[in-house]
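First up is the structure itself, then whatever we jot down about it.
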Amino acid sequence: MKNSLRRLLIPLAILHDLVAACLVWITAYALRFNFSIPDQFYQSVLMMLPVVVLIEISTFYYVGLYRGIWRFASIPDLKRIIKAVAISSVLLSLGAFSLQPELIIPRSVLVMNPLLLILFMGGSRFAYRAWKERRLFNVTAAQGKPVIVIGVEDASFNLIRELSKSPEWRVVAMIDPNNKLVGREIMHTKIEGKLEDIERIAARHGCQHCMIAMPGSRHEKRRLAVEAANEVEGMEVLTLPAMSDLISGRVSLSQIRKIDVEDLLGRDVVQLDTHGLSAMLANKVVLVSGAAGSIGSELCRQILSFHPTQLICLDISEYALYTLQQEFSQWETDSELLYLVADVKNRVRLQRILQDHQPDVVLHAGAYKHVPMMEHFNVVEALQNNAYGTYQIASACQAASVPTFVLVSTDKAVNPTNVMGASKRLAELICQGLQNNYLSGTRFITVRFGNVLGSSGSVIPKFREQIAHGGPITITHPEITRYFMSIPEAAQLVLQAATMGKGGEVFVLDMGTPVKIIDLARDMIKLSGLQEQDIRIEFTGLRPGEKLYEELLADDENTLPTSHEKLRIAQARSADTVWLTNLLEWLTTIPNLQEAQIKQDLQRWVVEYQPDTRPAPDVSLRGGMLSLDTLPSPSSHIH
């Protein structure tokens, strides 16, 4: 029954427009002659009526007026109506002038006819939509939970329209954070006040839910809205994703979620040079090492949106690579995806891969990165993987004439106090040394940034787990601070830097304002619906190699601006081929050295390195098993 009704919709729409064309044509004459049409003009009305209807209905069909659905009539439908009426009016005017003097049509009729037709056709469609939405949705609206919408922008309008379709919610008021439209209405919903009024408005309506619909606003404004809503006792705060997460412009209920700490630490939308990225990635072969890690996997997602011919996902972890493969198997993409298990220290394997696939761009995101774990008992592996592994893949790319090589580095490489940071600084210097090689045809570009939200080993999931277990939250020091950015933003800026680099640069990302970890913990407690007295915060002391403050520049470094506001170039100390040759000789000897000796030697290669002199954790045998008593859990780091 429903299918047969659907098949009748287009014929009914055509019939409606046919009747409209007839009525409007006659009405235009009636208005012209004050509803008293002279006999000689009445004849022209009847003679031209079939021609008018034929021209207008044919034009409407040709323009695609009947592809739209009345129930979802919107501005694009109105534009299509105006276009169709304009074309038919031009054709009708040409026909009218060609028939003179046998048939005279008043010029005022030719003007009024299209105006009336647009009014009639557009009005009927929007009236039908209004009736349909009211009939379908507003009947049950009064039964939903009352909710306040914070924000006055396009997303707010879309959100209210979507909520009107759900029996779960009932929008009772809006709040304008800018205090410019208070007292106005959007879709019969009054804008009742500003952020300071939220408690009063919530009490008036008995409301315990609010939704923040400000994806287009700056992060600072969104945070103020979250904080104001959180101040209201018993208020559950929901939000829409930020604009960077809204792939489609249409807001849906599935995108509404609870406020999380990432919203408080979030940043503004990154403006990308999409033409430059498309030129670098579209129809090219791209290889990402460490592809299954936090940054590497996001780089792969971003790269796929630019339609490379082939994306090679390389990682040493077979299981992590399998997980990535399962994710991408659900994607619709025209790019060929290749998953390769490989160790970047294996030169022969890398050479074969580069020879077989000839990538145009290589992004090296693979590294050991957890500071405390690499500081003791794993120093050799940290240096071999992060420094020597970088040399192997970078020099193999140079030998294979790969046009672009991008190293993902870290702020831990700046004035390092730990082995991990020193190993990444060596990786930066290795790339610069290769760039200074007179044989180099490869652009070596380094991108340095800080912590990313949600990365493996990040402090945020650790705090979530501790809160879920009732605490305590463990923090190493009350003054410890870190920079944060989202994984998508970091990946986007890495790709953006790749398009801008000429070779040998160290790009530094704008990391915004550093955040105190204790403030982060307090925010997470509050967002969990608890109070600080409910979850204890304990300070455990700085871990091996850990600094109170992270830096993006060394003491002797300055930066130069670039064409992108969030990217700068560090004027960092460089390296030459002689230094690189000597470093490689030393790296081959370190498996035979004690860790204390390695750290002492490391100061010769990374002059900024100030090693942590605290003793290594006690290692003891308990119950026949090796126990690292004080070995800390991984901290929040880049990948």
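Going through the structure tokens in order, the chains are called A, B, and so on, while each chain numbers its residues from 1 and the ligands are numbered from 1 in the order shown.
Residues within 8 Å of stretch 191-206 of chain A, counting only C-alpha atoms and excluding same-chain residues fewer than 6 positions away, are Pro146, Ile148, Val172, Ala173, Met174, Ile175, Asp176, Pro177, Asn178, Asn179, Leu181, Val182, Gly183, Arg184, Glu185, Ala225, Ala228, Ala229 and Val232 of chain A.
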Just want the 12 Å neighbourhood of A:Phe328, counted on only C-alpha atoms, with same-chain residues fewer than 2 positions away dropped. Output as a short mmCIF file (atom, residue, chain, number, x, y, z; two decimals) with N, CA and C atoms, in the first residue's frame.
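This went into out.cif:
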```
data_model
loop_
_atom_site.label_atom_id
_atom_site.label_comp_id
_atom_site.auth_asym_id
_atom_site.auth_seq_id
_atom_site.Cartn_x
_atom_site.Cartn_y
_atom_site.Cartn_z
N ALA A 292 50.05 1.43 12.61
CA ALA A 292 49.00 0.95 13.50
C ALA A 292 48.97 1.70 14.82
N SER A 297 47.97 5.61 12.54
CA SER A 297 46.66 5.20 12.02
C SER A 297 45.83 6.41 11.62
N GLU A 298 45.96 7.52 12.38
CA GLU A 298 45.22 8.73 11.99
C GLU A 298 45.80 9.33 10.72
N CYS A 300 46.97 7.60 8.32
CA CYS A 300 46.39 6.76 7.26
C CYS A 300 44.96 7.19 6.94
N ARG A 301 44.17 7.47 7.97
CA ARG A 301 42.78 7.89 7.74
C ARG A 301 42.75 9.21 6.96
N LEU A 304 43.84 8.71 3.25
CA LEU A 304 42.84 8.05 2.41
C LEU A 304 41.80 9.03 1.87
N LEU A 311 48.12 2.94 -0.50
CA LEU A 311 48.57 3.30 0.85
C LEU A 311 49.18 2.06 1.48
N CYS A 313 50.63 0.41 4.70
CA CYS A 313 50.61 0.51 6.16
C CYS A 313 51.66 -0.46 6.70
N LEU A 321 48.43 -4.20 13.36
CA LEU A 321 48.21 -4.02 11.93
C LEU A 321 46.92 -4.75 11.50
N TYR A 322 46.68 -5.91 12.09
CA TYR A 322 45.43 -6.64 11.81
C TYR A 322 44.22 -5.82 12.25
N THR A 323 44.32 -5.17 13.42
CA THR A 323 43.22 -4.33 13.91
C THR A 323 42.95 -3.18 12.95
N LEU A 324 44.02 -2.58 12.44
CA LEU A 324 43.86 -1.50 11.47
C LEU A 324 43.22 -2.02 10.19
N GLN A 325 43.63 -3.19 9.76
CA GLN A 325 43.04 -3.79 8.56
C GLN A 325 41.55 -4.03 8.73
N GLN A 326 41.14 -4.48 9.91
CA GLN A 326 39.72 -4.71 10.16
C GLN A 326 38.93 -3.41 10.11
N GLN A 330 36.00 -1.85 6.50
CA GLN A 330 34.64 -1.33 6.52
C GLN A 330 34.52 -0.04 5.70
N TRP A 331 35.63 0.48 5.23
CA TRP A 331 35.62 1.74 4.49
C TRP A 331 35.36 1.49 3.01
N GLU A 332 34.77 2.48 2.38
CA GLU A 332 34.65 2.47 0.93
C GLU A 332 35.73 3.39 0.38
N THR A 333 36.71 2.83 -0.29
CA THR A 333 37.81 3.63 -0.82
C THR A 333 38.27 3.05 -2.14
N ASP A 334 38.74 3.93 -3.02
CA ASP A 334 39.26 3.48 -4.30
C ASP A 334 40.78 3.31 -4.25
N SER A 335 41.38 3.49 -3.07
CA SER A 335 42.83 3.31 -2.91
C SER A 335 43.14 1.85 -2.59
N GLU A 336 44.25 1.36 -3.13
CA GLU A 336 44.71 0.02 -2.78
C GLU A 336 45.41 0.08 -1.43
N LEU A 337 45.02 -0.79 -0.51
CA LEU A 337 45.60 -0.82 0.83
C LEU A 337 46.48 -2.05 0.98
N LEU A 338 47.71 -1.81 1.46
CA LEU A 338 48.66 -2.90 1.63
C LEU A 338 49.16 -2.88 3.07
N TYR A 339 49.14 -4.02 3.75
CA TYR A 339 49.53 -4.11 5.16
C TYR A 339 50.80 -4.94 5.25
#
```
Margin query: Please extract the residues of stretch 221-443 of chain A with a backbone DSSP assignment of alpha helix (DSSP H) and present them as a count of residues only.
Written below: 94
Note to self: DSSP on the backbone, strand (DSSP E) only: what residues of stretch 149-365 of chain A does that give? Format it as a PyMOL selection string.
What the structure shows: chain A and resi 149-150+169-175+185-186+189-193+209-212+236-239+257-258+285-289+310-315+336-341+361-364
Selection from above, C-alpha atoms, as a compact mmCIF listing (two decimals), in the first residue's frame, can you write it?
```txt
# COMPACT_ATOMS: atom_id res chain seq x y z
CA VAL A 149 20.12 24.27 23.88
CA ILE A 150 23.20 26.47 24.32
CA TRP A 169 13.53 15.26 24.06
CA ARG A 170 11.60 18.53 24.31
CA VAL A 171 13.50 21.78 23.74
CA VAL A 172 12.19 24.32 26.27
CA ALA A 173 14.65 27.22 25.87
CA MET A 174 17.79 28.44 24.18
CA ILE A 175 20.77 30.36 25.51
CA GLU A 185 12.83 32.84 18.73
CA ILE A 186 14.10 29.97 16.58
CA THR A 189 11.84 28.18 20.85
CA LYS A 190 12.64 31.36 22.77
CA ILE A 191 16.21 32.50 23.43
CA GLU A 192 15.72 33.21 27.12
CA GLY A 193 19.10 34.46 28.28
CA HIS A 209 19.76 18.40 30.63
CA CYS A 210 21.41 20.89 28.31
CA MET A 211 22.97 20.45 24.89
CA ILE A 212 25.83 22.61 23.67
CA GLU A 236 23.84 16.66 32.64
CA VAL A 237 25.74 18.35 29.82
CA LEU A 238 25.62 16.96 26.29
CA THR A 239 27.30 18.30 23.18
CA ARG A 257 27.14 12.70 23.33
CA LYS A 258 28.18 13.53 26.86
CA VAL A 285 51.87 5.85 -3.49
CA VAL A 286 52.20 6.67 0.22
CA LEU A 287 53.92 4.62 2.94
CA VAL A 288 53.34 5.13 6.67
CA SER A 289 55.61 3.40 9.18
CA GLN A 310 48.18 2.94 -2.92
CA LEU A 311 48.57 3.30 0.85
CA ILE A 312 51.19 1.04 2.43
CA CYS A 313 50.61 0.51 6.16
CA LEU A 314 53.85 -0.74 7.73
CA ASP A 315 54.21 -1.77 11.37
CA GLU A 336 44.71 0.02 -2.78
CA LEU A 337 45.60 -0.82 0.83
CA LEU A 338 48.66 -2.90 1.63
CA TYR A 339 49.53 -4.11 5.16
CA LEU A 340 53.19 -5.00 5.71
CA VAL A 341 54.75 -6.37 8.88
CA VAL A 361 55.84 9.97 0.20
CA VAL A 362 57.05 8.17 3.33
CA LEU A 363 55.84 9.23 6.79
CA HIS A 364 57.86 7.72 9.63
```
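With distances taken over only C-alpha atoms, A:Leu383 is the one residue among A:Ile353, A:Leu383, A:Leu54, A:Met48 lying closest to A:Thr588.
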Next item on the list: Do a neighbour search on A:Ser574 at 10 Å with only C-alpha atoms, toss out local chain neighbours closer than 2 positions, and write the hits as a count of residues only.
Entry: 15
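The gap separating atom CA of A:Leu65 from atom CA of A:Asp77 is 7.5 Å, in Å to one decimal.
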Next item on the list: Would you mind reading off the distance between atom CA of A:Leu15 and atom CA of A:Ser58, one decimal, in Å?
Entry: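 Computing the Euclidean distance for atom CA of A:Leu15 and atom CA of A:Ser58 yields 12.5 Å.
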Notebook entry, point to check: Using only C-alpha atoms, which residues sit within 6 Å of A:Gly290 once same-chain residues fewer than 4 positions away are excluded, as a VMD selection string?
Noted result: chain A and resid 296 315 365 to 366
Notebook entry, point to check: Could you pull the residues within 6 Å of stretch 390-403 of chain A, counting only C-alpha atoms, minus those fewer than 6 positions along the same chain, as JSON, numbers by chain?
Noted result: {"A": [344, 345, 347, 360, 427, 442]}
Check: Skipping near chain neighbours, those fewer than 3 positions away, what residues fall within 12 Å of A:Lys599 using only C-alpha atoms, listed as JSON, numbers by chain?
Finding: {"A": [374, 375, 376, 377, 378, 379, 380, 382, 383, 416, 417, 418, 419, 420, 422, 423, 545, 590, 593, 594, 595, 596, 602, 603, 604, 605, 606, 607, 609, 610, 611, 612, 613]}
